[in-house]
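Before any comments, here is the structure.
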Amino acid sequence: MDQRVLKHREITLSRVQAFHKRLSEKLFQQAPFSEQSGIPASNATNEETERLYFPSIQPRLQVWEVPDVESRPNFKQMQEQATWAPSKIGQVFKTIWSTKWFKLEFTIPNSWKDKQIHFIWNSSCEALLYDSSGTPLHAFSDGDGEVARLDFLLYPSYSPSFSPIQVFYMEMACNGLFGLSGWGIGPLPPDPSRVFKLKLCQMQTIPKPWLDLLYDLDLLIDLCKNFDANVYDVGSGLGGGHAANFGGGANNGGNGFAWISGRALLLVNDIANKMSHVTVVDDEKHLNEMLALTRSFFQNLNSVSTPNTAATNSSFPGFTVNAVGHCHIDTAWLWPYAETRRKIARSWITQMHLMQRYPDYKFVCSQAQQFAWFKEDHPDSWPLLVHFVKQGQFIPIGGTWVEQDGNIPSGESHIRQFLFGQNFYQEHFGFKSKIFWLPDTFGYSSQLPQIMRLAGVKWFITQKLSWNQINKPPNSTFLWAGLDDSKVITHFPPADTYNSLSNVSEIFKSVSNFKDHGFANNSLMVYGHGDGGGGPTKLMLERLERWKRGILPGIKIEQNTVDSFFEHLEANKAWEQLQIWKGELYFEYHRGTYTSQAKNKLYNRRAECLLHDIEFLISFIMRRYFNNNNSNNSSIKDLNLPEMYKQWKSQVDNLWKLLLLNQFHDVLPGSSINLVYRDSALHYAQIMSETSTLLTNLKTIISSFYVSNLNKDQEYTMMINTTPFNRTELIHNDSNFTSLPPYSVSFIPKLLTPPTPTSTPTTTQKPISVVENGDQVILENNFVRYIFSKSTCLLESIFLKTTSSTSRSKGTEFLSSSHSKSNQFVLYSDLPNCWDAWDVDIYHLESPLLLHAPISSITSPNPFTITLQSSIPISSSSSISLSITLSSFSALLTFSAKIRWFESHKFLKVLFTTPFTSSSTSLQSVPFGFIPRPTHYNTSYDTAKFETCSHSWMSLSPPSADGAPSLSVINDSKYGVSVHNGTMSLSLLRSPKAPDETCDMSDDHSITFGVLPSWKDPIGAGVLEHASKINNDVQILDVVGQKGNEGVEERGEGEEWKVVEGEGVVIETVKVAERSEGEKKEIVVRMWESRGRGGDVWIGGKGMAGVKRVREVNVLEEEEEEKEGEREMKVEEDGVVRVEFR
């Protein structure tokens, strides 16, 4: 008699879900030991599975607890150092971040010889299994739900031959997939009280049909959960065959598929009932009956007509979801770099095991740094990885050294990410990536498309903007155009995650949330556990195996490469119809990352500048070596420069890689735990130390080229300007000044008797003066007059003097209204809704606290500068020591702040107010350019950008045809800015408490910024020159001349590289070419057009001496094949070359 009852869907669904969970636990956690006796605990009973018993055996367990917490000994070191102690199931380990090694000795029954044997392990943390020879086999991890990875098919997968005695080793890391952080306002600092319990360690036989049934039930129940027969109209939506009607996600888009849910639920309920007849695990009769039911369901599903619909309507083209496996491993985040290296091994070893079992499985992996680490740490496993790369299953992607932050790195740093990443892929795998893979970065600079195209990349993948708080991305597949209109085909996987579980919900969302059905009918689904590593699991792959048979009418699942996805778009010409998004991809979230971890950002910029200087000095030396045939300089001939250059290049490359590593998108933004910033501080200290030594050596070599032409026994200061701009520098203990041409070497004779500096200012000094008038302190030079309040140190007036002799106006006032005061240090409450170190919410602007204090002193340390000083209290624990300096050389007013900062959830900014209206335009610096931003909150897009990322300068101009006059603010290490209603704000310091509770707590923050008024637009005003000067030091070395009485003294030889004719072009980088060796002697000169216009310029200088050929190359320093020969540039008779900017 049929006694089935299926009258209440939710009750039945709860029943079958519980049934599935119990069966899963029965299969993979059969016989946990009791902590007291060490014998199998009694099996928990339940209605369907209590009769089942899957035989298991336990090993003899020994453990070596590595005594040094920060030591992570590898397999070989373990064998040399381990001292073993007995261990048992239930043992608890307490030291976070520590390492334990286990020795596991199994005796396997002969009766298991032909059975499928699984290794089961759960230590409440991450672990990696090795065989007795040291070959890593598989990773394990604890966690909730599907994150847990507890079993490994040992036989016949690991070894087809059976041996009764087996010894294995387990490396256990006392941290989880997500480090040791709990959750508060985002991830919390690591929990030092966390303990790790060894819960399971056994081998177990599990017949394959049971696993097949388990995976079938998983998909059936997933179908039940996502298409509710009681809610959805079966006659509309996708089932109607209309591509435009793909609706909703997991719980609001099942239109047309509800009949599948009902039938699947009925089937699983029947199987739960049939399980009561199964008495032993090898009951083939009932097991085969259940499997026949599930397979029949899947095989017939796509051919069954949908009631009241036309699901198989031939007019509907169908939709393809391209599923690609991925394992996002943050190179550092809630764990240090050293643990990342082990996460890489755990994740990739496991994925390669899955590739052996699933030949259609495609797995993509980015970040060349991680490949380099794996090659270094596991050289014996590297050939296997290369094998799967050649097989097309393990696919290196991305083309960068790490997945870098998209906002803060300089343009040159972005270029080097691609240079080192693509070169690594080419060297080790024989190809370069065509895809930039950056799924988790907090915004994307408008300059990236051009850099991508110049690095051989034409496709881009991310999904982060799906997190946007206000404005969700309008497209899934579109063309992203950069500053110069370079375009890349861009895809946002519509499942809105790079950690998909390949379940029904996310597969359907990959269709229903796709926003460009009018142009394309395919999307990517990126699946696999990520952030802390892991990657796809057997369950995910088994789901996809079943989807191949056809589950939902009209939806096809393929496991192809990401390249094939984009190639399909191009082949179908779909990309020609795609919408175009121009400019930056602004992330409406995590705006606090422009400011958090201030010192980390300061060191990054300093390192970028130092490596720039070193590469110019090396090119300066090597250019002379390249021309040595035409030189009589014995100092060059006596040097073994080819060998020295190899050493320099190796060292500089390593320093670049170290810098690029710390530009990872959770390190440079300031969103990692304290351990990571301990690591990065050591890395930056290494960069500073090595660059200092190398700079001294290079300057010594350069000075040797000239000392024979300098008067004997005369002391000189060699000054090297490594920037593309003229700069004025004080000399002779600040008693005089000199002008240094761009990219030049100059020698300044030292005075025998240094002058005595002026200790107090005078009102008669010209061309700079200071006057006190009541509460006013007036600083003035030939260009500008600044008026400060003596009692508050606030800037009350900026009066820019006219430079025109015919103008009736004496100048213009930038702070005309009485309430407009600048140099306002303002403290805000900063407690975001979520993601403490990451976020700053707009409501922080509602709680300003103005900080001010009187001017404490006025000094004139030399005839050319005047300095005001003030000590501004913030709280009982924090303060600002402020110096304000005006020189006689320009209108720039410079502020140097030494800050003691021990606050909690506070945000410190400095504000400069102007009378410019909200219709004014703000220009903000980005890599190799600038972008305009509105200064109002008219639209939701404008409002969302209440805090933005700008590099070394920002400016504000009133509405006018030529963008003049302008007021600019420049800085030496800051990135967070805002410009609203005439006020420019520079973000200085934050004080979040998670995930690093000590973030920015320090008594020695040093910040330099400046304000520059001008009659011209910011570029014409020289903002680039001033920003360059505030960030780049002149390279100095004291030398003694060696020339006799003969000949004329030579104190340098002019510009090495310069723009001879034309405007707006900046020579950014000068370096020896990557492949410059032997007869190939090449220099790379990288330049950019700063005004956003086309035109021609002529480049010359001493560097052009002896140049035989000039050609355009990409950022990989290669001629692009389609342009080969087209970009040849003629060297004119006077040694200049014309460069076209289009």
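Naming works like this for the structure tokens: A, B, ... for the chains as they're shown, residue 1 at the start of each chain, ligands 1 onward in shown order.
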| field | range 365-381 of chain A surroundings by only C-alpha atoms, 8 Å radius, close-in-sequence under 6 positions cut, as a VMD selection string | value | chain A and resid 135 to 136 326 to 328 331 341 344 to 345 394 to 403 420 to 421 424 to 425 437 661
Take the residues that were just selected and, keeping N, CA, C and O atoms, output them as a tab-separated table (two decimals), in the first residue's frame.
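Contents of the output file out.tsv:
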chain	number	residue	atom	x	y	z
A	135	THR	N	56.65	13.05	-0.41
A	135	THR	CA	55.78	13.58	-1.45
A	135	THR	C	54.48	14.07	-0.84
A	135	THR	O	53.77	13.29	-0.18
A	136	PRO	N	54.13	15.35	-1.02
A	136	PRO	CA	52.84	15.82	-0.48
A	136	PRO	C	51.68	15.23	-1.27
A	136	PRO	O	51.73	15.14	-2.49
A	326	HIS	N	38.93	27.66	-9.31
A	326	HIS	CA	39.85	28.71	-8.87
A	326	HIS	C	40.09	28.54	-7.38
A	326	HIS	O	39.26	28.01	-6.65
A	327	CYS	N	41.23	29.02	-6.97
A	327	CYS	CA	41.59	28.97	-5.55
A	327	CYS	C	42.23	30.30	-5.20
A	327	CYS	O	43.43	30.48	-5.36
A	328	HIS	N	41.41	31.25	-4.79
A	328	HIS	CA	41.94	32.58	-4.46
A	328	HIS	C	42.72	32.47	-3.15
A	328	HIS	O	42.15	32.18	-2.10
A	331	THR	N	47.81	36.57	-0.76
A	331	THR	CA	49.24	36.39	-0.56
A	331	THR	C	49.64	36.75	0.87
A	331	THR	O	50.67	36.29	1.36
A	341	ARG	N	52.75	30.56	1.97
A	341	ARG	CA	53.53	29.59	1.19
A	341	ARG	C	53.02	28.17	1.45
A	341	ARG	O	52.98	27.34	0.54
A	344	ILE	N	49.58	27.69	-0.26
A	344	ILE	CA	49.75	27.41	-1.69
A	344	ILE	C	49.96	25.92	-1.90
A	344	ILE	O	49.31	25.29	-2.75
A	345	ALA	N	50.87	25.34	-1.15
A	345	ALA	CA	51.16	23.91	-1.31
A	345	ALA	C	49.93	23.07	-0.98
A	345	ALA	O	49.57	22.14	-1.72
A	394	PHE	N	45.85	22.89	-15.35
A	394	PHE	CA	46.35	23.87	-14.39
A	394	PHE	C	46.79	25.09	-15.20
A	394	PHE	O	47.78	25.04	-15.91
A	395	ILE	N	46.02	26.18	-15.10
A	395	ILE	CA	46.18	27.29	-16.05
A	395	ILE	C	46.66	28.54	-15.33
A	395	ILE	O	45.89	29.19	-14.62
A	396	PRO	N	47.94	28.91	-15.48
A	396	PRO	CA	48.42	30.19	-14.95
A	396	PRO	C	47.70	31.33	-15.65
A	396	PRO	O	47.52	31.31	-16.88
A	397	ILE	N	47.29	32.30	-14.89
A	397	ILE	CA	46.47	33.37	-15.43
A	397	ILE	C	46.85	34.68	-14.74
A	397	ILE	O	47.52	34.67	-13.71
A	398	GLY	N	46.47	35.78	-15.30
A	398	GLY	CA	46.63	37.06	-14.61
A	398	GLY	C	47.77	37.91	-15.09
A	398	GLY	O	47.65	39.10	-15.30
A	399	GLY	N	48.96	37.31	-15.23
A	399	GLY	CA	50.09	38.02	-15.81
A	399	GLY	C	50.80	38.98	-14.89
A	399	GLY	O	51.71	39.69	-15.33
A	400	THR	N	50.45	39.06	-13.60
A	400	THR	CA	51.13	39.96	-12.68
A	400	THR	C	51.87	39.18	-11.60
A	400	THR	O	51.60	38.01	-11.37
A	401	TRP	N	52.78	39.88	-10.93
A	401	TRP	CA	53.59	39.22	-9.89
A	401	TRP	C	52.70	38.82	-8.71
A	401	TRP	O	52.80	37.72	-8.19
A	402	VAL	N	51.84	39.74	-8.25
A	402	VAL	CA	50.78	39.40	-7.29
A	402	VAL	C	49.51	40.08	-7.77
A	402	VAL	O	49.54	40.89	-8.70
A	403	GLU	N	48.40	39.75	-7.15
A	403	GLU	CA	47.17	40.49	-7.42
A	403	GLU	C	47.23	41.79	-6.63
A	403	GLU	O	46.85	41.86	-5.46
A	420	PHE	N	57.33	41.47	-14.50
A	420	PHE	CA	57.85	40.30	-13.80
A	420	PHE	C	56.90	39.11	-13.90
A	420	PHE	O	57.34	37.97	-14.02
A	421	GLY	N	55.59	39.38	-13.85
A	421	GLY	CA	54.63	38.28	-13.95
A	421	GLY	C	54.65	37.61	-15.31
A	421	GLY	O	54.75	36.38	-15.42
A	424	PHE	N	57.86	35.67	-15.98
A	424	PHE	CA	57.90	34.39	-15.27
A	424	PHE	C	57.09	33.35	-16.02
A	424	PHE	O	57.54	32.20	-16.21
A	425	TYR	N	55.90	33.71	-16.44
A	425	TYR	CA	55.06	32.76	-17.18
A	425	TYR	C	55.74	32.33	-18.48
A	425	TYR	O	55.72	31.15	-18.85
A	437	TRP	N	43.63	39.11	-14.18
A	437	TRP	CA	42.73	38.46	-13.23
A	437	TRP	C	42.90	39.17	-11.89
A	437	TRP	O	43.90	39.03	-11.22
A	661	LEU	N	55.55	42.53	-4.02
A	661	LEU	CA	54.90	41.60	-3.10
A	661	LEU	C	54.06	42.37	-2.08
A	661	LEU	O	52.91	42.01	-1.80
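Shell of Lys898 in chain A at 10 Å, with only C-alpha atoms counted and residues fewer than 4 places along the chain excluded, is Ser871, Ser879, Ile880, Ser881, Leu882, Ser883, Asp1003, Asp1004, His1005, Ser1006, Ile1007 and Thr1008 of chain A.
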Take the selection from the previous step and output its residues with N, CA and C atoms, as a PDB file, in the first residue's frame.
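See again_34.pdb below for the written result:
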ATOM      1  N   SER A 871      52.301  73.645  18.025  1.00  0.00           N
ATOM      2  CA  SER A 871      52.061  72.337  18.641  1.00  0.00           C
ATOM      3  C   SER A 871      50.575  72.213  18.910  1.00  0.00           C
ATOM      4  N   SER A 879      49.129  64.197  19.483  1.00  0.00           N
ATOM      5  CA  SER A 879      49.419  65.604  19.217  1.00  0.00           C
ATOM      6  C   SER A 879      50.085  65.748  17.864  1.00  0.00           C
ATOM      7  N   ILE A 880      50.119  67.010  17.385  1.00  0.00           N
ATOM      8  CA  ILE A 880      50.733  67.342  16.106  1.00  0.00           C
ATOM      9  C   ILE A 880      51.783  68.418  16.342  1.00  0.00           C
ATOM     10  N   SER A 881      52.972  68.181  15.863  1.00  0.00           N
ATOM     11  CA  SER A 881      54.006  69.209  15.836  1.00  0.00           C
ATOM     12  C   SER A 881      54.133  69.662  14.387  1.00  0.00           C
ATOM     13  N   LEU A 882      53.740  70.906  14.133  1.00  0.00           N
ATOM     14  CA  LEU A 882      53.579  71.389  12.757  1.00  0.00           C
ATOM     15  C   LEU A 882      54.597  72.475  12.434  1.00  0.00           C
ATOM     16  N   SER A 883      55.251  72.307  11.274  1.00  0.00           N
ATOM     17  CA  SER A 883      56.137  73.335  10.733  1.00  0.00           C
ATOM     18  C   SER A 883      55.595  73.756   9.377  1.00  0.00           C
ATOM     19  N   ASP A1003      54.338  57.119  17.738  1.00  0.00           N
ATOM     20  CA  ASP A1003      54.657  58.476  18.174  1.00  0.00           C
ATOM     21  C   ASP A1003      55.551  59.211  17.181  1.00  0.00           C
ATOM     22  N   ASP A1004      55.703  58.653  15.973  1.00  0.00           N
ATOM     23  CA  ASP A1004      56.620  59.316  15.033  1.00  0.00           C
ATOM     24  C   ASP A1004      56.128  59.285  13.583  1.00  0.00           C
ATOM     25  N   HIS A1005      54.849  59.557  13.356  1.00  0.00           N
ATOM     26  CA  HIS A1005      54.377  59.730  11.987  1.00  0.00           C
ATOM     27  C   HIS A1005      54.962  61.019  11.419  1.00  0.00           C
ATOM     28  N   SER A1006      55.408  60.959  10.199  1.00  0.00           N
ATOM     29  CA  SER A1006      55.969  62.132   9.532  1.00  0.00           C
ATOM     30  C   SER A1006      55.257  62.313   8.197  1.00  0.00           C
ATOM     31  N   ILE A1007      54.603  63.465   8.031  1.00  0.00           N
ATOM     32  CA  ILE A1007      53.794  63.723   6.843  1.00  0.00           C
ATOM     33  C   ILE A1007      54.145  65.093   6.292  1.00  0.00           C
ATOM     34  N   THR A1008      54.381  65.157   4.997  1.00  0.00           N
ATOM     35  CA  THR A1008      54.657  66.430   4.342  1.00  0.00           C
ATOM     36  C   THR A1008      53.604  66.668   3.267  1.00  0.00           C
TER      37      THR A1008
END
| field | For range 333-339 of chain A: contacts at 6 Å, only C-alpha atoms, fewer than 2 positions along chain excluded, given as a ChimeraX atom specification | value | /A:179,341-342,666,672-673,675-676
Take the selection from the previous step and output its residues with C-alpha atoms, as a PDB file, in the first residue's frame.
ATOM      1  CA  GLY A 179      43.768  32.437  10.077  1.00  0.00           C
ATOM      2  CA  ARG A 341      53.526  29.591   1.192  1.00  0.00           C
ATOM      3  CA  ARG A 342      52.096  26.555   2.977  1.00  0.00           C
ATOM      4  CA  ASP A 666      45.314  43.228   1.346  1.00  0.00           C
ATOM      5  CA  SER A 672      45.873  42.731   7.166  1.00  0.00           C
ATOM      6  CA  ILE A 673      46.777  41.530  10.650  1.00  0.00           C
ATOM      7  CA  LEU A 675      51.984  39.943  11.709  1.00  0.00           C
ATOM      8  CA  VAL A 676      51.802  40.948   8.058  1.00  0.00           C
TER       9      VAL A 676
END
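Distance annotation: of A:Gly535, A:Glu846, A:Phe626, A:Lys21, the residue with the minimal separation from Gly1103 in chain A is A:Phe626; atom set is only C-alpha atoms.
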| query | Which residues, written as a ChimeraX atom specification, have at least one atom at most 8 Å from Arg1138 in chain A, with only C-alpha atoms counted and residues fewer than 4 positions away on the same chain left out? | reply | /A:1096-1099,1129-1131
| Would you give me, as a PyMOL selection string, the residues in range 667-794 of chain A that DSSP reads as strand (DSSP E)? | chain A and resi 715-721+727-731+736-740+744-749+768-773+776-781+784-789
Exercise: range 919-924 of chain A partners within 9 Å, only C-alpha atoms, chain neighbours under 3 positions left out, as a compact mmCIF listing (two decimals) with C-alpha atoms, in the first residue's frame:
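That gives us out_6.txt:
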# COMPACT_ATOMS: atom_id res chain seq x y z
CA PHE A 916 35.17 78.01 -5.45
CA GLY A 929 47.81 61.15 -15.58
CA PHE A 930 44.91 62.80 -13.83
CA ILE A 931 41.15 62.55 -13.83
CA PRO A 932 38.44 65.21 -13.28
CA ARG A 933 35.94 64.69 -10.50
CA PRO A 934 32.76 66.57 -9.63
CA THR A 935 32.73 68.51 -6.38
CA HIS A 936 29.04 68.01 -5.62
CA CYS A 949 42.09 57.87 -4.17
CA SER A 950 44.54 60.44 -5.50
CA HIS A 951 48.29 60.10 -5.68
CA SER A 952 50.69 62.97 -5.12
CA TRP A 953 48.38 65.92 -5.84
CA MET A 954 44.84 67.21 -6.24
CA SER A 955 43.61 70.59 -7.42
CA LEU A 956 40.50 72.73 -7.54
CA SER A 957 39.63 75.34 -10.17
CA PRO A 958 36.60 77.59 -10.64
CA PRO A 959 34.52 77.14 -13.80
CA SER A 960 36.48 78.76 -16.64
CA GLY A 963 40.72 75.82 -15.86
CA SER A 968 46.57 72.44 -5.60
CA VAL A 977 41.17 62.72 -0.50
CA VAL A 979 36.82 67.62 -2.67
CA HIS A 980 33.36 68.96 -1.95
CA ASN A 981 31.80 72.42 -2.20
CA GLY A 982 35.11 74.20 -2.49
CA MET A 984 39.80 70.01 -0.36
CA PRO A 1018 47.66 72.65 -12.19
| Pick from A:Cys793, A:Leu524, A:Ile96, A:Ile687 nearest to Val195 in chain A, counting only C-alpha atoms |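 Ranked by minimum distance to Val195 in chain A, first place goes to A:Ile96.
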| DSSP says helix (DSSP H, G or I) for which residues of range 310-517 of chain A? Put them as a ChimeraX atom specification? | /A:337-357,368-377,382-391,411-429,448-454,464-467,504-512
| Skipping near chain neighbours, those fewer than 4 positions away, what residues fall within 12 Å of Val1107 in chain A using only C-alpha atoms, listed as a ChimeraX atom specification? | /A:623-624,626-627,1081-1084,1100-1103,1111,1129-1137
| Atomic separation - CA of Leu129 in chain A relative to CA of Leu150 in chain A, Å |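 CA of Leu150 in chain A sits 11.5 Å away from CA of Leu129 in chain A.
Distance-wise, CA of Glu570 in chain A and CA of Ile557 in chain A end up 19.9 Å apart.
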| Residue nearest Ala272 in chain A among A:Val69, A:Leu602, A:Leu610, A:Leu13 (counting only C-alpha atoms) |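 Between A:Val69, A:Leu602, A:Leu610, A:Leu13, the residue approaching Ala272 in chain A most closely is A:Leu13.
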| query | Pick from A:Asn697, A:Gln58, A:Gln393, A:Ser347: nearest to Ala127 in chain A, with only C-alpha atoms counted? | reply |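 When distances to Ala127 in chain A are compared using only C-alpha atoms, the smallest one comes from A:Ser347.
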| message | Using only C-alpha atoms, can you tell me which of A:Ile165, A:Leu213, A:Ile349, A:Val281 comes closest to Tyr130 in chain A? | response |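 Residue with the minimum atom-to-atom distance to Tyr130 in chain A: A:Ile349.
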| Expressed in Å to a single decimal, how great is the separation between CA of Phe257 in chain A and CA of Asn475 in chain A? |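 For CA of Phe257 in chain A relative to CA of Asn475 in chain A, the distance reads 25.8 Å.
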| Which residue out of A:Asp1017, A:Asp563, A:Asp405, A:Glu126 has the minimum interatomic distance to Asn175 in chain A when only C-alpha atoms are used? |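 Closest candidate: A:Glu126.
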